[in-house]
Amino acid sequence: MTDPYGLGNESPQAFGAGSGKPRGRLLLLLPILIFSILALVFLLRLASGDPSKLPSALIGRPVPEFSLAPLSGLTAEGTPVPGLSTADLKGQVTVVNVWASWCVPCRQEHPVLMELAKESGLRVVGINYKDNPDNARRFLGMLGNPYAAVGVDQNGRTAINWGVYGVPETYVVGPDGIIRYRHVGPILPELAHEFRQKVKTLR
């Protein structure tokens with residue numbers, strides 16, 4: 001008998017031939033969807049008003065092992081500013097600031113760091129992240145240098161070991177070399193008092 005609609009000769013497999021296409025597209029979109037959700041969570045936490053709420057597995061743990069060369073040509077009162085290593089973060093409360101000359105928020109927080117560097121019993125040091133050395137020196141030459149030491153993290157590996165999300169990011173290390181506090185994002189003037197209070201509890 002002839003099928004007037006021309007469907008009689010189609011095999012069952014033919015009807016299901018295209019059924020895998022939507023599933024394939026879904027699998028391709030799944031990684032993008034997951035990334036978008038994680039990015040949204042990250043941004044919501046940043047916007048929550050307390051950057052320190054971002055999780056850090058290193059709070060309460062020793063500073064990661066690292067050794068960074070100094071920023072070539074950077075001097076203070078005619079003396080080369082030293083690099084930075086794990087051993088340098090013991091003996092007193094230290095503020096470790098991760099920064100770069102290309103980082104716009106770093107410029108916003110820089111006056112706060114300059115004031116912190118004047119406080120007694122506190123040492124401010126920097127990790128220069130994936131930066132051009134000439135630009136980094138010009139940045140400090142123009143805005144001032146709050147850092148007693150600057151380590152150059154050209155490939156970003158040290159920042160990864162510290163758990164850095166992005167620049168700027170600041171850590172407070174106790175005299176025992178234990179990471180006590182972490183601030184994600186710039187330390188803006190309106191946040192400076194709260195940050196100082198965190199530091200004072202460790203002195």
# chains A, B, ... in the order shown; residues from 1 in each chain; ligands from 1
$ residues_around --residues "region 65-69 of chain A" --least-positions-apart "4" --cutoff "8 Å" --atoms "only C-alpha atoms" --output "ChimeraX atom specification"
/A:82-86,151-153,158
$ write_last_selection --atoms "all heavy atoms" --output "CSV table (one decimal), in the first residue's frame"
chain,number,residue,atom,x,y,z
A,82,PRO,N,65.3,46.3,48.4
A,82,PRO,CA,65.5,44.8,48.3
A,82,PRO,C,64.2,44.1,47.7
A,82,PRO,O,63.1,44.7,47.7
A,82,PRO,CB,65.7,44.4,49.7
A,82,PRO,CG,65.0,45.4,50.6
A,82,PRO,CD,65.1,46.7,49.8
A,83,GLY,N,64.5,42.9,47.3
A,83,GLY,CA,63.4,42.0,46.9
A,83,GLY,C,62.7,41.5,48.1
A,83,GLY,O,62.8,41.9,49.2
A,84,LEU,N,61.9,40.4,47.9
A,84,LEU,CA,61.0,39.9,48.9
A,84,LEU,C,61.0,38.4,48.9
A,84,LEU,O,60.9,37.8,47.9
A,84,LEU,CB,59.6,40.5,48.7
A,84,LEU,CG,58.6,40.3,49.9
A,84,LEU,CD1,59.0,41.1,51.1
A,84,LEU,CD2,57.2,40.8,49.4
A,85,SER,N,61.0,37.8,50.2
A,85,SER,CA,60.9,36.4,50.3
A,85,SER,C,60.2,36.0,51.6
A,85,SER,O,59.8,36.9,52.4
A,85,SER,CB,62.3,35.8,50.4
A,85,SER,OG,63.0,36.1,51.6
A,86,THR,N,59.9,34.8,51.7
A,86,THR,CA,59.2,34.3,52.9
A,86,THR,C,59.8,34.7,54.2
A,86,THR,O,59.2,35.1,55.2
A,86,THR,CB,59.0,32.8,52.9
A,86,THR,OG1,58.5,32.4,51.6
A,86,THR,CG2,58.2,32.2,54.0
A,151,GLY,N,59.1,42.8,45.6
A,151,GLY,CA,59.4,41.6,44.9
A,151,GLY,C,58.7,41.6,43.5
A,151,GLY,O,57.5,41.9,43.5
A,152,VAL,N,59.4,41.2,42.5
A,152,VAL,CA,58.9,41.2,41.1
A,152,VAL,C,58.3,39.8,40.8
A,152,VAL,O,59.1,38.8,40.7
A,152,VAL,CB,59.9,41.6,40.1
A,152,VAL,CG1,59.3,41.5,38.7
A,152,VAL,CG2,60.4,43.0,40.4
A,153,ASP,N,57.0,39.7,40.6
A,153,ASP,CA,56.3,38.5,40.3
A,153,ASP,C,56.0,38.5,38.8
A,153,ASP,O,54.8,38.7,38.5
A,153,ASP,CB,55.1,38.3,41.2
A,153,ASP,CG,54.4,36.9,41.0
A,153,ASP,OD1,55.1,36.0,40.4
A,153,ASP,OD2,53.3,36.8,41.4
A,158,THR,N,53.8,33.4,42.1
A,158,THR,CA,53.8,33.7,43.5
A,158,THR,C,52.4,34.2,43.9
A,158,THR,O,51.8,33.8,45.0
A,158,THR,CB,54.8,34.8,43.9
A,158,THR,OG1,56.1,34.2,43.7
A,158,THR,CG2,54.7,35.1,45.4
$ residues_around --residues "Val172 (chain A)" --least-positions-apart "3" --cutoff "6 Å" --atoms "only C-alpha atoms" --output "list in words"
Thr94, Val95, Arg180 and Tyr181 of chain A
$ select_by_dssp --residues "region 109-153 of chain A" --states "strand (DSSP E)" --output "PyMOL selection string"
chain A and resi 122-129+150-153
$ select_by_dssp --residues "region 165-202 of chain A" --states "alpha helix (DSSP H)" --output "ChimeraX atom specification"
/A:189-200
$ residues_around --residues "region 114-123 of chain A" --least-positions-apart "5" --cutoff "10 Å" --atoms "only C-alpha atoms" --output "PDB file with N, CA, C and O atoms, in the first residue's frame"
ATOM      1  N   LEU A  89      59.094  38.069  56.117  1.00  0.00           N
ATOM      2  CA  LEU A  89      57.766  38.348  56.675  1.00  0.00           C
ATOM      3  C   LEU A  89      57.618  37.814  58.089  1.00  0.00           C
ATOM      4  O   LEU A  89      56.545  37.373  58.494  1.00  0.00           O
ATOM      5  N   GLN A  92      57.792  41.164  62.688  1.00  0.00           N
ATOM      6  CA  GLN A  92      56.910  42.300  62.922  1.00  0.00           C
ATOM      7  C   GLN A  92      55.685  42.184  62.022  1.00  0.00           C
ATOM      8  O   GLN A  92      55.673  41.388  61.081  1.00  0.00           O
ATOM      9  N   VAL A  93      54.672  42.971  62.337  1.00  0.00           N
ATOM     10  CA  VAL A  93      53.469  42.967  61.515  1.00  0.00           C
ATOM     11  C   VAL A  93      53.808  43.562  60.150  1.00  0.00           C
ATOM     12  O   VAL A  93      54.419  44.633  60.059  1.00  0.00           O
ATOM     13  N   THR A  94      53.419  42.851  59.087  1.00  0.00           N
ATOM     14  CA  THR A  94      53.757  43.282  57.733  1.00  0.00           C
ATOM     15  C   THR A  94      52.504  43.324  56.869  1.00  0.00           C
ATOM     16  O   THR A  94      51.701  42.383  56.871  1.00  0.00           O
ATOM     17  N   VAL A  95      52.359  44.411  56.135  1.00  0.00           N
ATOM     18  CA  VAL A  95      51.292  44.546  55.143  1.00  0.00           C
ATOM     19  C   VAL A  95      51.892  44.204  53.781  1.00  0.00           C
ATOM     20  O   VAL A  95      52.837  44.852  53.337  1.00  0.00           O
ATOM     21  N   VAL A  96      51.359  43.175  53.142  1.00  0.00           N
ATOM     22  CA  VAL A  96      51.843  42.737  51.836  1.00  0.00           C
ATOM     23  C   VAL A  96      50.818  43.153  50.785  1.00  0.00           C
ATOM     24  O   VAL A  96      49.694  42.642  50.763  1.00  0.00           O
ATOM     25  N   GLU A 109      44.187  53.459  45.874  1.00  0.00           N
ATOM     26  CA  GLU A 109      44.526  53.090  47.245  1.00  0.00           C
ATOM     27  C   GLU A 109      45.924  53.556  47.659  1.00  0.00           C
ATOM     28  O   GLU A 109      46.286  53.473  48.829  1.00  0.00           O
ATOM     29  N   LEU A 143      54.025  58.621  42.309  1.00  0.00           N
ATOM     30  CA  LEU A 143      53.072  58.595  43.417  1.00  0.00           C
ATOM     31  C   LEU A 143      53.732  58.411  44.783  1.00  0.00           C
ATOM     32  O   LEU A 143      53.073  58.588  45.811  1.00  0.00           O
ATOM     33  N   GLY A 144      55.010  58.065  44.796  1.00  0.00           N
ATOM     34  CA  GLY A 144      55.708  57.795  46.049  1.00  0.00           C
ATOM     35  C   GLY A 144      55.850  56.305  46.290  1.00  0.00           C
ATOM     36  O   GLY A 144      55.062  55.503  45.773  1.00  0.00           O
ATOM     37  N   ASN A 145      56.855  55.939  47.072  1.00  0.00           N
ATOM     38  CA  ASN A 145      57.107  54.524  47.343  1.00  0.00           C
ATOM     39  C   ASN A 145      56.852  54.196  48.807  1.00  0.00           C
ATOM     40  O   ASN A 145      57.650  54.555  49.677  1.00  0.00           O
ATOM     41  N   PRO A 146      55.753  53.501  49.106  1.00  0.00           N
ATOM     42  CA  PRO A 146      55.475  53.119  50.491  1.00  0.00           C
ATOM     43  C   PRO A 146      56.160  51.819  50.912  1.00  0.00           C
ATOM     44  O   PRO A 146      56.101  51.435  52.085  1.00  0.00           O
ATOM     45  N   TYR A 147      56.811  51.136  49.958  1.00  0.00           N
ATOM     46  CA  TYR A 147      57.292  49.777  50.196  1.00  0.00           C
ATOM     47  C   TYR A 147      58.733  49.732  50.707  1.00  0.00           C
ATOM     48  O   TYR A 147      59.640  50.302  50.109  1.00  0.00           O
ATOM     49  N   ALA A 148      58.923  49.000  51.810  1.00  0.00           N
ATOM     50  CA  ALA A 148      60.278  48.760  52.316  1.00  0.00           C
ATOM     51  C   ALA A 148      60.996  47.716  51.472  1.00  0.00           C
ATOM     52  O   ALA A 148      62.224  47.641  51.475  1.00  0.00           O
ATOM     53  N   ALA A 149      60.223  46.902  50.744  1.00  0.00           N
ATOM     54  CA  ALA A 149      60.772  45.884  49.850  1.00  0.00           C
ATOM     55  C   ALA A 149      59.753  45.643  48.737  1.00  0.00           C
ATOM     56  O   ALA A 149      58.546  45.742  48.972  1.00  0.00           O
ATOM     57  N   VAL A 172      47.681  40.934  55.596  1.00  0.00           N
ATOM     58  CA  VAL A 172      48.365  41.321  56.823  1.00  0.00           C
ATOM     59  C   VAL A 172      48.964  40.063  57.438  1.00  0.00           C
ATOM     60  O   VAL A 172      48.255  39.077  57.685  1.00  0.00           O
ATOM     61  N   VAL A 173      50.278  40.098  57.641  1.00  0.00           N
ATOM     62  CA  VAL A 173      51.008  38.948  58.171  1.00  0.00           C
ATOM     63  C   VAL A 173      51.487  39.275  59.579  1.00  0.00           C
ATOM     64  O   VAL A 173      52.068  40.345  59.820  1.00  0.00           O
ATOM     65  N   ALA A 192      39.945  52.743  55.071  1.00  0.00           N
ATOM     66  CA  ALA A 192      41.260  52.796  55.701  1.00  0.00           C
ATOM     67  C   ALA A 192      41.188  52.607  57.211  1.00  0.00           C
ATOM     68  O   ALA A 192      42.021  51.906  57.800  1.00  0.00           O
ATOM     69  N   PHE A 195      40.649  49.009  58.099  1.00  0.00           N
ATOM     70  CA  PHE A 195      41.861  48.237  57.823  1.00  0.00           C
ATOM     71  C   PHE A 195      42.902  48.472  58.930  1.00  0.00           C
ATOM     72  O   PHE A 195      43.543  47.527  59.398  1.00  0.00           O
ATOM     73  N   ARG A 196      43.057  49.717  59.347  1.00  0.00           N
ATOM     74  CA  ARG A 196      44.010  50.026  60.422  1.00  0.00           C
ATOM     75  C   ARG A 196      43.640  49.293  61.707  1.00  0.00           C
ATOM     76  O   ARG A 196      44.520  48.838  62.441  1.00  0.00           O
ATOM     77  N   VAL A 199      44.838  45.844  61.581  1.00  0.00           N
ATOM     78  CA  VAL A 199      46.283  45.784  61.769  1.00  0.00           C
ATOM     79  C   VAL A 199      46.641  45.957  63.247  1.00  0.00           C
ATOM     80  O   VAL A 199      47.515  45.252  63.781  1.00  0.00           O
ATOM     81  N   LYS A 200      45.968  46.885  63.930  1.00  0.00           N
ATOM     82  CA  LYS A 200      46.286  47.171  65.329  1.00  0.00           C
ATOM     83  C   LYS A 200      46.069  45.959  66.228  1.00  0.00           C
ATOM     84  O   LYS A 200      46.773  45.801  67.238  1.00  0.00           O
ATOM     85  N   ARG A 203      49.310  43.922  66.599  1.00  0.00           N
ATOM     86  CA  ARG A 203      50.554  44.492  67.137  1.00  0.00           C
ATOM     87  C   ARG A 203      50.759  44.096  68.589  1.00  0.00           C
ATOM     88  O   ARG A 203      49.835  43.888  69.319  1.00  0.00           O
TER      89      ARG A 203
END
$ closest_residue --among "A:Asn132, A:Val104, A:Leu113, A:Gly177" --to "Ala87 (chain A)" --atoms "only C-alpha atoms"
A:Gly177
$ residues_around --residues "Asn155 (chain A)" --least-positions-apart "2" --cutoff "8 Å" --atoms "only C-alpha atoms" --output "MDAnalysis selection string"
chainID A and resid 129:130 153 157
$ write_last_selection --atoms "N, CA, C and O atoms" --output "PDB file, in the first residue's frame"
ATOM      1  N   TYR A 129      53.062  42.712  40.334  1.00  0.00           N
ATOM      2  CA  TYR A 129      52.437  41.605  39.607  1.00  0.00           C
ATOM      3  C   TYR A 129      52.413  41.832  38.096  1.00  0.00           C
ATOM      4  O   TYR A 129      51.814  42.799  37.622  1.00  0.00           O
ATOM      5  N   LYS A 130      53.094  40.952  37.353  1.00  0.00           N
ATOM      6  CA  LYS A 130      53.051  40.935  35.887  1.00  0.00           C
ATOM      7  C   LYS A 130      53.148  42.340  35.293  1.00  0.00           C
ATOM      8  O   LYS A 130      52.295  42.767  34.510  1.00  0.00           O
ATOM      9  N   ASP A 153      57.010  39.718  40.647  1.00  0.00           N
ATOM     10  CA  ASP A 153      56.335  38.461  40.284  1.00  0.00           C
ATOM     11  C   ASP A 153      55.958  38.537  38.807  1.00  0.00           C
ATOM     12  O   ASP A 153      54.801  38.723  38.457  1.00  0.00           O
ATOM     13  N   ARG A 157      53.285  33.495  39.353  1.00  0.00           N
ATOM     14  CA  ARG A 157      53.197  32.236  40.110  1.00  0.00           C
ATOM     15  C   ARG A 157      53.095  32.461  41.610  1.00  0.00           C
ATOM     16  O   ARG A 157      52.353  31.764  42.312  1.00  0.00           O
TER      17      ARG A 157
END
$ residues_around --residues "region 166-169 of chain A" --least-positions-apart "4" --cutoff "7 Å" --atoms "only C-alpha atoms" --output "list in words"
Asn97, Val98, Trp99, Cys103, Pro105, Cys106, His183, Val184, Gly185 and Pro186 of chain A
$ atom_distance --atom1 "CA of Leu30 (chain A)" --atom2 "CA of Asn161 (chain A)"
28.5 Å
$ residues_around --residues "Arg61 (chain A)" --least-positions-apart "2" --cutoff "6 Å" --atoms "only C-alpha atoms" --output "count of residues only"
4
$ closest_residue --among "A:Pro189, A:Pro70, A:Pro175, A:Pro111" --to "Val150 (chain A)" --atoms "only C-alpha atoms"
A:Pro70
$ closest_residue --among "A:Ala159, A:Leu188, A:Tyr165, A:Thr170" --to "Val124 (chain A)" --atoms "only C-alpha atoms"
A:Thr170
$ atom_distance --atom1 "CA of Lys90 (chain A)" --atom2 "CA of Pro133 (chain A)"
26.8 Å
$ closest_residue --among "A:Val81, A:Met142, A:Ile32, A:Leu74" --to "Arg107 (chain A)" --atoms "only C-alpha atoms"
A:Met142
